[in-house]
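Next up, final.txt (compact mmCIF, C-alpha atoms and all ligand atoms):
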```txt
# COMPACT_ATOMS: atom_id res chain seq x y z
CA ASP A 1 -4.98 10.00 -22.52
CA PRO A 2 -6.40 9.21 -19.06
CA TYR A 3 -3.92 6.33 -18.85
CA SER A 4 -0.78 8.46 -19.31
CA GLY A 5 -0.13 8.39 -15.57
CA ASP A 6 -0.15 4.59 -15.34
CA PRO A 7 3.07 3.08 -13.92
CA SER A 8 5.52 0.98 -15.95
CA ARG A 9 5.17 -2.79 -15.69
CA HIS A 10 7.41 -5.84 -15.89
CA PRO A 11 7.83 -6.96 -19.53
CA VAL A 12 7.38 -10.64 -18.70
CA LEU A 13 3.67 -10.16 -17.84
CA LYS A 14 1.10 -11.49 -20.32
CA VAL A 15 -1.07 -8.47 -21.11
CA ASN A 16 -4.80 -9.07 -21.62
CA SER A 17 -5.62 -5.38 -21.93
CA GLN A 18 -3.31 -2.36 -22.00
CA LYS A 19 -5.85 0.38 -21.14
CA PRO A 20 -7.07 -0.35 -18.51
CA PHE A 21 -4.08 -2.49 -17.62
CA ASN A 22 -4.77 -6.18 -17.07
CA ALA A 23 -2.02 -8.78 -17.02
CA GLU A 24 -1.03 -12.12 -15.56
CA PRO A 25 2.37 -13.73 -14.93
CA PRO A 26 3.58 -16.71 -17.00
CA LEU A 27 2.31 -19.79 -15.14
CA GLU A 28 5.69 -21.44 -14.70
CA MET A 29 6.93 -18.28 -12.95
CA LEU A 30 3.80 -18.03 -10.77
CA THR A 31 4.65 -21.18 -8.82
CA GLU A 32 8.38 -20.53 -8.47
CA ASN A 33 7.64 -18.75 -5.17
CA PHE A 34 5.02 -19.25 -2.47
CA ILE A 35 4.84 -15.46 -2.16
CA THR A 36 4.38 -13.84 -5.56
CA PRO A 37 6.89 -11.01 -6.16
CA ASN A 38 5.04 -7.68 -6.50
CA VAL A 39 6.13 -7.16 -10.11
CA LEU A 40 4.69 -10.57 -11.10
CA PHE A 41 1.45 -10.32 -9.08
CA PHE A 42 -1.52 -10.28 -11.51
CA LYS A 43 -2.93 -6.83 -12.19
CA ARG A 44 -6.62 -6.19 -12.74
CA ASN A 45 -7.63 -2.57 -13.27
CA HIS A 46 -11.02 -1.38 -14.56
CA LEU A 47 -9.97 2.26 -14.86
CA PRO A 48 -6.84 4.43 -15.06
CA VAL A 49 -4.50 4.21 -12.06
CA PRO A 50 -5.15 7.35 -9.98
CA ASN A 51 -2.28 9.58 -8.95
CA ILE A 52 -2.55 10.09 -5.19
CA ASN A 53 -0.33 12.35 -3.11
CA PRO A 54 0.32 10.29 0.06
CA ASP A 55 0.89 13.44 2.14
CA GLU A 56 -2.56 14.78 1.31
CA PHE A 57 -4.35 11.43 1.34
CA GLN A 58 -7.27 11.05 3.73
CA LEU A 59 -9.46 8.02 4.22
CA ILE A 60 -13.04 9.11 4.87
CA VAL A 61 -15.15 6.87 7.08
CA GLU A 62 -18.83 7.79 7.36
CA ARG A 63 -20.12 7.63 10.93
CA PRO A 64 -23.27 6.03 12.30
CA PRO A 65 -26.28 8.39 12.44
CA GLY A 66 -26.12 10.63 15.47
CA ALA A 67 -22.40 10.18 16.16
CA LYS A 68 -20.28 13.37 16.11
CA GLN A 69 -23.02 15.37 14.35
CA GLY A 70 -22.69 13.02 11.39
CA LYS A 71 -19.21 14.37 10.56
CA PRO A 72 -17.12 11.65 8.93
CA LEU A 73 -13.93 10.29 10.48
CA LYS A 74 -10.92 11.40 8.44
CA LEU A 75 -7.67 9.48 8.71
CA SER A 76 -4.34 10.36 7.14
CA LEU A 77 -1.83 7.62 6.38
CA LYS A 78 0.06 8.67 9.50
CA ASP A 79 -3.13 8.38 11.58
CA LEU A 80 -3.69 4.89 10.24
CA LYS A 81 -0.11 3.86 10.99
CA THR A 82 0.04 5.35 14.49
CA LYS A 83 -3.49 5.16 15.95
CA PHE A 84 -4.17 1.49 15.17
CA SER A 85 -2.24 -1.69 15.76
CA ARG A 86 -0.45 -3.17 12.78
CA HIS A 87 -1.65 -6.49 11.42
CA GLU A 88 -0.11 -8.78 8.78
CA VAL A 89 -1.67 -11.63 6.88
CA THR A 90 -0.71 -13.83 3.92
CA VAL A 91 -3.59 -13.81 1.45
CA THR A 92 -4.16 -15.26 -2.01
CA LEU A 93 -6.23 -13.01 -4.29
CA GLN A 94 -8.08 -14.47 -7.24
CA CYS A 95 -10.10 -12.70 -9.89
CA ALA A 96 -13.54 -14.23 -10.58
CA GLY A 97 -12.45 -14.36 -14.23
CA ASN A 98 -9.42 -16.57 -13.60
CA ARG A 99 -9.39 -19.37 -16.25
CA ARG A 100 -12.07 -17.60 -18.30
CA SER A 101 -10.31 -18.60 -21.54
CA GLU A 102 -11.38 -22.23 -20.96
CA MET A 103 -15.03 -21.09 -20.80
CA ASN A 104 -14.50 -18.99 -23.91
CA ALA A 105 -13.21 -22.08 -25.72
CA ILE A 106 -16.61 -23.76 -25.27
CA LYS A 107 -18.84 -20.80 -26.11
CA THR A 108 -17.97 -17.11 -26.24
CA VAL A 109 -18.26 -15.21 -22.97
CA LYS A 110 -17.93 -11.48 -22.27
CA GLY A 111 -14.73 -10.45 -20.52
CA LEU A 112 -10.95 -10.46 -20.57
CA ASP A 113 -9.49 -13.74 -21.78
CA TRP A 114 -7.63 -14.72 -18.60
CA GLY A 115 -5.53 -17.87 -18.49
CA ALA A 116 -4.92 -19.54 -15.12
CA GLY A 117 -2.71 -16.71 -13.84
CA ALA A 118 -5.32 -14.29 -12.44
CA ILE A 119 -4.35 -15.44 -8.95
CA SER A 120 -1.38 -14.49 -6.74
CA THR A 121 -0.28 -14.48 -3.10
CA ALA A 122 1.24 -11.71 -0.98
CA ARG A 123 2.00 -10.83 2.63
CA TRP A 124 -0.13 -7.75 3.31
CA ALA A 125 0.36 -5.33 6.20
CA GLY A 126 -1.96 -2.64 7.46
CA VAL A 127 -4.64 -2.17 10.09
CA ARG A 128 -7.78 -4.15 10.82
CA LEU A 129 -10.95 -2.76 9.23
CA ARG A 130 -12.86 -3.64 12.42
CA ASP A 131 -10.58 -1.37 14.47
CA VAL A 132 -11.21 1.54 12.09
CA LEU A 133 -14.98 0.91 12.07
CA SER A 134 -14.94 0.77 15.89
CA ASP A 135 -13.06 4.06 15.98
CA ALA A 136 -15.78 5.58 13.78
CA GLY A 137 -18.37 4.46 16.33
CA TYR A 138 -19.72 1.17 14.98
CA THR A 139 -20.32 -1.87 17.16
CA GLU A 140 -21.83 -5.31 16.49
CA ASN A 141 -25.07 -3.80 17.84
CA THR A 142 -25.29 -0.70 15.63
CA PRO A 143 -28.83 -0.85 14.19
CA ASN A 144 -29.68 -0.96 10.48
CA VAL A 145 -26.22 -1.79 9.20
CA GLN A 146 -25.81 -4.73 6.84
CA HIS A 147 -23.00 -3.85 4.44
CA VAL A 148 -19.68 -2.02 4.33
CA GLN A 149 -19.14 -0.19 1.04
CA PHE A 150 -15.69 0.67 -0.27
CA GLU A 151 -15.20 3.47 -2.79
CA GLY A 152 -12.03 3.67 -4.88
CA LEU A 153 -10.37 6.90 -5.98
CA ASP A 154 -10.09 5.63 -9.56
CA GLN A 155 -12.80 6.99 -11.85
CA ASP A 156 -13.98 6.99 -15.44
CA VAL A 157 -14.43 10.09 -17.63
CA THR A 158 -17.91 10.69 -16.17
CA GLY A 159 -16.54 10.65 -12.60
CA THR A 160 -17.94 7.22 -11.71
CA LYS A 161 -15.68 5.55 -9.17
CA TYR A 162 -14.92 1.87 -8.66
CA GLY A 163 -16.88 0.44 -5.72
CA ALA A 164 -17.82 -2.77 -3.95
CA SER A 165 -19.17 -3.98 -0.61
CA ILE A 166 -18.98 -6.86 1.84
CA PRO A 167 -21.40 -7.83 4.62
CA PHE A 168 -20.98 -5.80 7.83
CA ARG A 169 -20.67 -8.89 10.05
CA HIS A 170 -17.84 -10.11 7.81
CA ALA A 171 -16.09 -6.75 8.11
CA MET A 172 -16.40 -6.79 11.94
CA SER A 173 -15.38 -10.44 12.38
CA LYS A 174 -12.08 -10.93 14.17
CA ASP A 175 -11.62 -14.31 12.48
CA HIS A 176 -11.93 -12.92 8.96
CA GLU A 177 -8.99 -10.50 9.33
CA VAL A 178 -10.24 -7.88 6.86
CA LEU A 179 -7.39 -5.45 6.39
CA LEU A 180 -6.80 -1.91 5.21
CA ALA A 181 -3.38 -2.56 3.72
CA PHE A 182 -0.58 -0.08 3.03
CA GLU A 183 2.21 -2.64 2.49
CA MET A 184 2.63 -5.57 0.12
CA ASN A 185 5.49 -8.00 0.70
CA GLY A 186 7.38 -5.55 2.91
CA GLU A 187 7.19 -2.70 0.39
CA GLU A 188 4.92 0.30 0.14
CA LEU A 189 1.80 -0.73 -1.81
CA PRO A 190 2.70 -0.49 -5.55
CA LYS A 191 0.67 1.93 -7.70
CA ASP A 192 -1.02 -0.88 -9.63
CA HIS A 193 -2.09 -2.57 -6.40
CA GLY A 194 -3.80 0.41 -4.78
CA PHE A 195 -1.22 2.90 -3.46
CA PRO A 196 -1.51 4.23 -0.84
CA LEU A 197 -4.32 2.12 0.68
CA ARG A 198 -6.46 -0.87 -0.31
CA VAL A 199 -8.86 -3.34 1.22
CA ILE A 200 -7.83 -6.97 1.62
CA VAL A 201 -10.78 -9.30 2.23
CA PRO A 202 -9.21 -12.74 2.76
CA GLY A 203 -11.02 -15.63 1.07
CA VAL A 204 -13.27 -13.31 -0.95
CA VAL A 205 -13.29 -12.62 -4.71
CA GLY A 206 -10.71 -10.07 -5.94
CA ALA A 207 -13.42 -7.58 -6.96
CA ARG A 208 -14.26 -6.74 -3.31
CA ASN A 209 -10.60 -6.01 -2.47
CA VAL A 210 -10.96 -2.34 -3.41
CA LYS A 211 -7.74 -0.56 -4.36
CA TRP A 212 -6.98 3.18 -3.97
CA LEU A 213 -9.50 3.21 -1.12
CA GLY A 214 -10.95 6.68 -0.53
CA ARG A 215 -14.18 6.24 1.39
CA ILE A 216 -15.96 3.71 3.59
CA ILE A 217 -19.74 3.80 3.95
CA VAL A 218 -21.71 1.53 6.28
CA SER A 219 -25.25 0.98 5.06
CA GLU A 220 -28.34 -1.16 4.88
CA GLU A 221 -27.78 -1.73 1.17
CA GLU A 222 -24.95 -3.25 -0.81
CA SER A 223 -22.79 -0.97 -2.94
CA SER A 224 -24.84 0.39 -5.86
CA SER A 225 -21.79 0.16 -8.15
CA HIS A 226 -21.94 -1.61 -11.49
CA TRP A 227 -19.40 -4.17 -10.24
CA GLN A 228 -21.51 -5.12 -7.23
CA GLN A 229 -24.91 -5.06 -8.96
CA ASN A 230 -24.47 -5.91 -12.65
CA ASP A 231 -21.26 -7.88 -12.80
CA TYR A 232 -19.42 -10.56 -10.77
CA LYS A 233 -22.44 -12.80 -10.40
CA GLY A 234 -22.98 -16.39 -11.54
CA PHE A 235 -25.82 -17.72 -13.74
CA ASN A 236 -27.28 -20.90 -15.21
CA PRO A 237 -25.48 -21.99 -18.43
CA ASN A 238 -28.60 -21.25 -20.52
CA VAL A 239 -29.00 -17.66 -19.37
CA ASP A 240 -27.94 -15.32 -22.20
CA TRP A 241 -27.59 -11.56 -22.57
CA ASP A 242 -31.25 -11.24 -23.65
CA THR A 243 -32.63 -13.04 -20.62
CA VAL A 244 -30.13 -12.22 -17.86
CA ASP A 245 -31.56 -10.56 -14.74
CA PHE A 246 -28.65 -9.40 -12.60
CA SER A 247 -30.92 -8.64 -9.65
CA SER A 248 -31.84 -12.35 -9.44
CA ALA A 249 -28.39 -13.55 -8.35
CA PRO A 250 -26.27 -12.72 -5.30
CA ALA A 251 -22.96 -10.89 -5.70
CA ILE A 252 -19.99 -13.26 -5.57
CA GLN A 253 -18.18 -13.10 -2.22
CA GLU A 254 -16.34 -16.25 -1.01
CA LEU A 255 -14.84 -18.20 -3.91
CA PRO A 256 -15.06 -21.97 -4.54
CA VAL A 257 -12.19 -24.49 -4.47
CA GLN A 258 -9.68 -24.08 -7.30
CA SER A 259 -6.48 -25.62 -8.65
CA ALA A 260 -4.39 -25.53 -11.82
CA ILE A 261 -1.32 -27.10 -13.38
CA THR A 262 1.48 -24.61 -14.02
CA GLU A 263 4.15 -27.07 -15.27
CA PRO A 264 4.37 -28.52 -17.84
CA ARG A 265 2.65 -26.13 -20.26
CA PRO A 266 0.03 -27.29 -22.83
CA GLY A 267 1.62 -28.77 -25.94
CA GLU A 268 5.04 -29.02 -24.31
CA ILE A 269 7.29 -31.94 -25.20
CA ILE A 270 8.35 -33.43 -21.89
CA THR A 271 11.33 -35.74 -21.37
CA PRO A 272 11.08 -38.17 -18.44
CA ASP A 273 14.22 -38.61 -16.32
CA GLU A 274 16.55 -41.13 -18.01
CA ASP A 275 17.09 -43.17 -14.82
CA ASP A 276 13.68 -43.39 -13.17
CA GLY A 277 11.30 -42.34 -16.00
CA LYS A 278 9.78 -39.62 -13.82
CA VAL A 279 8.52 -36.15 -14.67
CA THR A 280 7.73 -33.24 -12.35
CA ILE A 281 4.24 -31.75 -12.37
CA LYS A 282 3.59 -28.46 -10.52
CA GLY A 283 0.64 -26.25 -9.73
CA TYR A 284 -1.36 -24.28 -7.21
CA ALA A 285 -4.53 -24.94 -5.21
CA TRP A 286 -6.67 -22.58 -3.16
CA SER A 287 -10.17 -22.22 -1.75
CA GLY A 288 -12.21 -19.24 -0.55
CA GLY A 289 -13.79 -18.63 2.85
CA GLY A 290 -10.69 -19.67 4.80
CA ARG A 291 -11.06 -23.31 3.78
CA GLU A 292 -7.64 -24.94 3.67
CA ILE A 293 -6.59 -27.19 0.80
CA VAL A 294 -6.32 -30.69 2.27
CA ARG A 295 -5.41 -32.71 -0.84
CA VAL A 296 -4.59 -32.36 -4.53
CA ASP A 297 -5.20 -35.35 -6.84
CA VAL A 298 -3.28 -35.60 -10.10
CA SER A 299 -3.95 -37.94 -13.02
CA LEU A 300 -1.49 -38.67 -15.84
CA ASP A 301 -3.92 -40.77 -17.84
CA GLY A 302 -6.82 -38.44 -18.45
CA GLY A 303 -8.57 -39.26 -15.17
CA LYS A 304 -8.44 -43.09 -15.07
CA THR A 305 -6.06 -43.22 -12.09
CA TRP A 306 -5.04 -40.59 -9.55
CA LYS A 307 -1.98 -39.84 -7.43
CA VAL A 308 -1.75 -37.52 -4.43
CA ALA A 309 0.55 -34.49 -4.86
CA ASP A 310 2.86 -33.07 -2.18
CA LEU A 311 1.57 -29.79 -0.73
CA ILE A 312 3.83 -26.83 0.00
CA GLY A 313 2.40 -24.11 2.21
CA GLU A 314 2.43 -21.97 5.28
CA GLU A 315 1.51 -23.20 8.77
CA LYS A 316 -1.54 -21.28 9.97
CA LYS A 317 -4.04 -21.87 12.75
CA GLY A 318 -7.75 -21.23 12.19
CA LEU A 319 -8.95 -19.98 8.85
CA VAL A 320 -6.42 -20.29 6.01
CA TRP A 321 -6.19 -17.53 3.40
CA ALA A 322 -3.19 -18.56 1.32
CA TRP A 323 -2.87 -21.12 -1.43
CA LYS A 324 -0.88 -24.34 -1.40
CA LEU A 325 1.64 -24.95 -4.09
CA TRP A 326 1.81 -28.61 -5.06
CA GLN A 327 4.24 -30.91 -6.80
CA LEU A 328 4.26 -34.50 -8.00
CA GLU A 329 7.14 -36.63 -9.24
CA ALA A 330 5.40 -39.22 -11.38
CA THR A 331 6.33 -42.13 -13.62
CA ILE A 332 4.87 -42.18 -17.10
CA PRO A 333 4.09 -45.64 -18.51
CA ALA A 334 6.72 -46.50 -21.16
CA GLU A 335 4.19 -46.89 -23.99
CA ASP A 336 2.49 -43.47 -23.60
CA LYS A 337 3.25 -40.78 -26.21
CA GLU A 338 0.45 -38.25 -25.71
CA ILE A 339 -0.84 -37.77 -22.18
CA THR A 340 -3.43 -35.56 -20.53
CA ILE A 341 -2.54 -34.40 -17.03
CA ILE A 342 -5.43 -33.41 -14.77
CA CYS A 343 -5.50 -31.87 -11.29
CA LYS A 344 -8.32 -31.41 -8.80
CA ALA A 345 -8.18 -30.04 -5.29
CA ILE A 346 -10.19 -30.82 -2.15
CA ASP A 347 -10.72 -28.24 0.59
CA SER A 348 -11.34 -28.65 4.32
CA SER A 349 -15.12 -28.80 3.77
CA TYR A 350 -14.50 -31.65 1.26
CA ASN A 351 -15.63 -29.39 -1.55
CA MET A 352 -14.28 -30.71 -4.84
CA GLN A 353 -13.96 -29.19 -8.30
CA PRO A 354 -16.47 -30.05 -11.05
CA ASP A 355 -14.96 -32.26 -13.75
CA THR A 356 -15.85 -30.22 -16.83
CA VAL A 357 -16.49 -26.61 -17.82
CA ALA A 358 -19.76 -26.95 -19.79
CA PRO A 359 -22.14 -27.43 -16.81
CA ILE A 360 -20.69 -24.36 -15.04
CA TRP A 361 -20.41 -22.16 -18.16
CA ASN A 362 -21.95 -18.70 -17.65
CA LEU A 363 -22.27 -15.68 -19.92
CA ARG A 364 -19.79 -13.57 -17.95
CA GLY A 365 -17.18 -16.35 -17.77
CA VAL A 366 -16.72 -16.23 -14.00
CA LEU A 367 -16.08 -18.94 -11.40
CA ASN A 368 -14.37 -21.45 -13.68
CA ASN A 369 -13.00 -24.08 -11.30
CA ALA A 370 -13.37 -27.20 -13.43
CA TRP A 371 -10.59 -29.84 -13.32
CA HIS A 372 -7.56 -28.33 -15.04
CA ARG A 373 -6.27 -30.35 -17.99
CA VAL A 374 -2.92 -30.07 -19.77
CA SER A 375 -2.03 -32.29 -22.75
CA VAL A 376 1.63 -32.89 -23.54
CA THR A 377 3.80 -35.08 -25.76
CA VAL A 378 6.27 -37.47 -24.14
CA ALA A 379 9.70 -37.70 -25.79
CA ARG A 380 12.12 -40.46 -24.79
N1 LIG A 401 -10.28 -1.63 -6.92
C1 LIG A 401 -10.39 -0.50 -7.65
N2 LIG A 401 -10.43 0.68 -7.02
N3 LIG A 401 -10.44 -0.56 -9.01
C2 LIG A 401 -10.41 -1.76 -9.69
O1 LIG A 401 -10.46 -1.78 -10.92
N4 LIG A 401 -10.32 -4.22 -9.49
C3 LIG A 401 -10.79 -5.33 -8.63
C4 LIG A 401 -10.06 -5.27 -7.28
N5 LIG A 401 -10.07 -3.95 -6.75
C5 LIG A 401 -10.32 -2.97 -8.93
C6 LIG A 401 -10.22 -2.84 -7.52
C7 LIG A 401 -10.63 -6.66 -9.17
S1 LIG A 401 -11.85 -7.20 -10.23
C8 LIG A 401 -9.62 -7.50 -8.77
S2 LIG A 401 -9.54 -9.09 -9.34
C9 LIG A 401 -8.57 -7.04 -7.84
O2 LIG A 401 -8.72 -5.68 -7.48
C10 LIG A 401 -7.20 -7.22 -8.46
O3 LIG A 401 -6.21 -6.80 -7.57
P1 LIG A 401 -4.70 -6.68 -8.07
O4 LIG A 401 -4.67 -5.82 -9.29
O5 LIG A 401 -3.94 -6.14 -6.91
O6 LIG A 401 -4.26 -8.09 -8.41
MO MO A 402 -11.47 -9.41 -10.75
```
Would you encode the structure as structure tokens?
Ligand code: MTE
Ligand code: MO
Amino acid sequence: DPYSGDPSRHPVLKVNSQKPFNAEPPLEMLTENFITPNVLFFKRNHLPVPNINPDEFQLIVERPPGAKQGKPLKLSLKDLKTKFSRHEVTVTLQCAGNRRSEMNAIKTVKGLDWGAGAISTARWAGVRLRDVLSDAGYTENTPNVQHVQFEGLDQDVTGTKYGASIPFRHAMSKDHEVLLAFEMNGEELPKDHGFPLRVIVPGVVGARNVKWLGRIIVSEEESSSHWQQNDYKGFNPNVDWDTVDFSSAPAIQELPVQSAITEPRPGEIITPDEDDGKVTIKGYAWSGGGREIVRVDVSLDGGKTWKVADLIGEEKKGLVWAWKLWQLEATIPAEDKEITIICKAIDSSYNMQPDTVAPIWNLRGVLNNAWHRVSVTVAR
């Protein structure tokens, strides 16, 4: 069993697939903390978790043509920790398949049936990718370089490794804070999250945040991996598996604005406060590309009227990589028995979420960011 070396996991996680391991935290636990505890952080593996000896580990960085006779730069964990300056950043990671189950409910899609919990936030520590690329000899002026490819050390039975890439200018940008991380929330990177080293690309889809990083290749082409070329792309709702042409669409990088309700849960019977008739609604909101969430609107009447939720977050200058948790104390009209709660978030570019799933449905079930709806019964 190639999965016999996988680590043990917290029993509270909702498992979407055991082998490879894919799981999300219960939603009401997800928004208990701004920083998601490591054991609750969603886990998305395509392959068995590789067993890596940290004392023998070496990151291989291919050099630009001509530099050092083409010999790659090899860095041990100690080299990474001592030769480069440490950098920390709070980043929310989201899988492109977050909320896929709502797409599946309309028309079957291919993929794991994620609820709204394929998103989590951690404080990551490591070194800047741009510093490592500079050390290998790359500059903003290196000719013929367009992409930075990341190769994982996890592989399938045929030896194919997980891989992905991001644009070179993104990797070299000081503002974008791309990190080679060896710590997650003050602890050594857990096995499920890429021990001993992973890439963190703030504001970019989870799939490019390569775990168990083994090799970095700078190239004119994007990664040739399945996950860069033939997966994690968006399509028109009428494109099906007979007509899909993966080469016609760009690989997903920055993600669109997103939000979801985490409390109450669908079908729950909620009891308004005896004195003021209020209930508490909670959720999260996040956007890709460093766009900060500026407002979350919540409706308790299926979208007829809207209230503004309180935002809970971290102070950060410049680009913002972490989500906002939000909360609303709201009065429910005395006559209402069944209500539909809706949330929608607005980011700093005034991007807003689409109101329904059908117009953004796609065969792979990615990029679902429609208004999130939760129907509950009111008991008094
Ligand atoms: N990196 C490797 N090497 N192998 C993988 O299967 N999965 C990717 C990405 N990096 C993956 C990987 C996907 S699709 C996502 S959403 C994130 O890791 C999930 O990161 P997490 O498990 O730390 O939440
Ligand atoms: Mo993902």
For atom CA of A:Ser223 and atom CA of A:Arg208, determine how far apart the two atoms are, in Å to one decimal place.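 Distance between the two atoms: 10.3 Å.
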Compute the set of protein, DNA and RNA residues whose minimum atom distance to ligand LIG 401 (chain A) is at most 7 Å, using all atoms listed in the file, and state it as JSON, numbers by chain. {"A": [41, 42, 43, 44, 45, 46, 47, 93, 94, 95, 96, 151, 152, 153, 154, 162, 163, 192, 193, 194, 205, 206, 207, 208, 209, 210, 211, 212, 213]}
Taking (-14.6, -24.2, 4.8) in the file's coordinates, which residues come within 9 Å, counting all atoms listed in the file, written as a list of chain:residue names?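 Using all atoms listed in the file, the matching residues come out as A:Ser287, A:Gly288, A:Gly289, A:Gly290, A:Arg291, A:Glu292, A:Leu319, A:Asp347, A:Ser348, A:Ser349, A:Tyr350, A:Asn351.
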Using all atoms listed in the file: which of A:Val178, A:Leu77, A:Ile119, A:Leu40 has the shortest distance to ligand MO 402 (chain A):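 Comparing A:Val178, A:Leu77, A:Ile119, A:Leu40 against ligand MO 402 (chain A), the winner is A:Ile119.
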Would you pick out the contacts of A:Asp242 at 12 Å or less, using all atoms listed in the file, so that residues sharing its chain but fewer than 4 positions from it are not included, and give the list as a ChimeraX atom specification? /A:238,246,363
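Here atom CA of A:Val127 and atom CA of A:Glu188 stand 14.0 Å from one another.
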Shortest interatomic distance to ligand MO 402 (chain A) - which of A:Val204, A:Ile217, A:Val109, A:Val357, counting all atoms listed in the file: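 Going through A:Val204, A:Ile217, A:Val109, A:Val357 one by one, the smallest distance to ligand MO 402 (chain A) is for A:Val204.
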Between A:Gln353, A:Asn141, A:Gln58, A:Asn22, single out the one closest to ligand MO 402 (chain A), counting all atoms listed in the file. A:Asn22
Tell me, as JSON, numbers by chain, which residues lie within 12 Å of A:Leu133, counting only C-alpha atoms; anything in the same chain fewer than 2 positions away does not count. {"A": [59, 60, 61, 62, 63, 64, 72, 73, 74, 75, 84, 127, 128, 129, 130, 131, 135, 136, 137, 138, 139, 140, 142, 145, 148, 149, 168, 169, 171, 172, 173, 178, 179, 180, 215, 216, 217, 218]}
Would you please work out which residue, of A:Ser248, A:Gln18, A:Ser225, A:Thr340, is nearest to A:Pro264 when using only C-alpha atoms?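 Using only C-alpha atoms, the shortest distance to A:Pro264 belongs to A:Thr340.
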Give me, please, the distance in Å between atom CA of A:Asn98 and atom CA of A:Thr356, quoted to one decimal. 15.4 Å
Mind checking which residues fall within 9 Å of A:Thr377, counting all atoms listed in the file, ignoring those fewer than 6 positions away in the same chain, and posting them as a VMD selection string? chain A and resid 267 to 271 336 to 340
Name the closest residue to A:Val374 among the candidates A:Glu102, A:Asp276, A:Asp245, A:Asp310; distances are taken between atoms, counting only C-alpha atoms.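 For A:Val374, the nearest of the given residues is A:Glu102.
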Among A:Pro250, A:Pro237, A:Gly302, A:Pro354, A:Ile106 is approached most closely, using only C-alpha atoms, by A:Pro237
Taking 2 positions as the minimum chain separation for residues in the same chain, which residues sit within 9 Å of A:Phe57 when counting only C-alpha atoms? Answer as a list of chain:residue names. A:Ile52, A:Asn53, A:Pro54, A:Asp55, A:Leu59, A:Leu75, A:Ser76, A:Leu77, A:Pro196, A:Gly214
Could you model all heavy atoms for stretch 240-244 of chain A and present them as an mmCIF file, in the frame of the given file?
```cif
data_model
loop_
_atom_site.group_PDB
_atom_site.id
_atom_site.type_symbol
_atom_site.label_atom_id
_atom_site.label_comp_id
_atom_site.auth_asym_id
_atom_site.auth_seq_id
_atom_site.Cartn_x
_atom_site.Cartn_y
_atom_site.Cartn_z
ATOM 1 N N ASP A 240 -28.723 -16.108 -21.246
ATOM 2 C CA ASP A 240 -27.940 -15.320 -22.200
ATOM 3 C C ASP A 240 -28.162 -13.831 -21.973
ATOM 4 O O ASP A 240 -28.901 -13.434 -21.068
ATOM 5 C CB ASP A 240 -28.252 -15.732 -23.650
ATOM 6 C CG ASP A 240 -29.719 -15.516 -24.003
ATOM 7 O OD1 ASP A 240 -30.358 -14.617 -23.404
ATOM 8 O OD2 ASP A 240 -30.239 -16.241 -24.875
ATOM 9 N N TRP A 241 -27.531 -13.003 -22.802
ATOM 10 C CA TRP A 241 -27.590 -11.560 -22.570
ATOM 11 C C TRP A 241 -28.984 -10.979 -22.795
ATOM 12 O O TRP A 241 -29.285 -9.883 -22.352
ATOM 13 C CB TRP A 241 -26.531 -10.824 -23.412
ATOM 14 C CG TRP A 241 -25.160 -11.082 -22.846
ATOM 15 C CD1 TRP A 241 -24.227 -11.953 -23.340
ATOM 16 C CD2 TRP A 241 -24.601 -10.537 -21.643
ATOM 17 N NE1 TRP A 241 -23.123 -11.977 -22.518
ATOM 18 C CE2 TRP A 241 -23.310 -11.109 -21.475
ATOM 19 C CE3 TRP A 241 -25.043 -9.613 -20.687
ATOM 20 C CZ2 TRP A 241 -22.469 -10.792 -20.404
ATOM 21 C CZ3 TRP A 241 -24.204 -9.290 -19.610
ATOM 22 C CH2 TRP A 241 -22.941 -9.886 -19.483
ATOM 23 N N ASP A 242 -29.873 -11.719 -23.482
ATOM 24 C CA ASP A 242 -31.250 -11.240 -23.650
ATOM 25 C C ASP A 242 -32.105 -11.542 -22.425
ATOM 26 O O ASP A 242 -33.075 -10.848 -22.155
ATOM 27 C CB ASP A 242 -31.900 -11.901 -24.882
ATOM 28 C CG ASP A 242 -31.212 -11.470 -26.167
ATOM 29 O OD1 ASP A 242 -30.725 -10.317 -26.200
ATOM 30 O OD2 ASP A 242 -31.127 -12.285 -27.095
ATOM 31 N N THR A 243 -31.754 -12.605 -21.721
ATOM 32 C CA THR A 243 -32.630 -13.040 -20.620
ATOM 33 C C THR A 243 -32.046 -12.754 -19.238
ATOM 34 O O THR A 243 -32.724 -12.924 -18.231
ATOM 35 C CB THR A 243 -32.909 -14.554 -20.726
ATOM 36 O OG1 THR A 243 -31.647 -15.248 -20.698
ATOM 37 C CG2 THR A 243 -33.665 -14.891 -21.987
ATOM 38 N N VAL A 244 -30.786 -12.351 -19.181
ATOM 39 C CA VAL A 244 -30.130 -12.220 -17.860
ATOM 40 C C VAL A 244 -30.794 -11.140 -16.993
ATOM 41 O O VAL A 244 -31.109 -10.048 -17.461
ATOM 42 C CB VAL A 244 -28.618 -11.960 -18.018
ATOM 43 C CG1 VAL A 244 -28.340 -10.619 -18.679
ATOM 44 C CG2 VAL A 244 -27.914 -12.059 -16.675
#
```
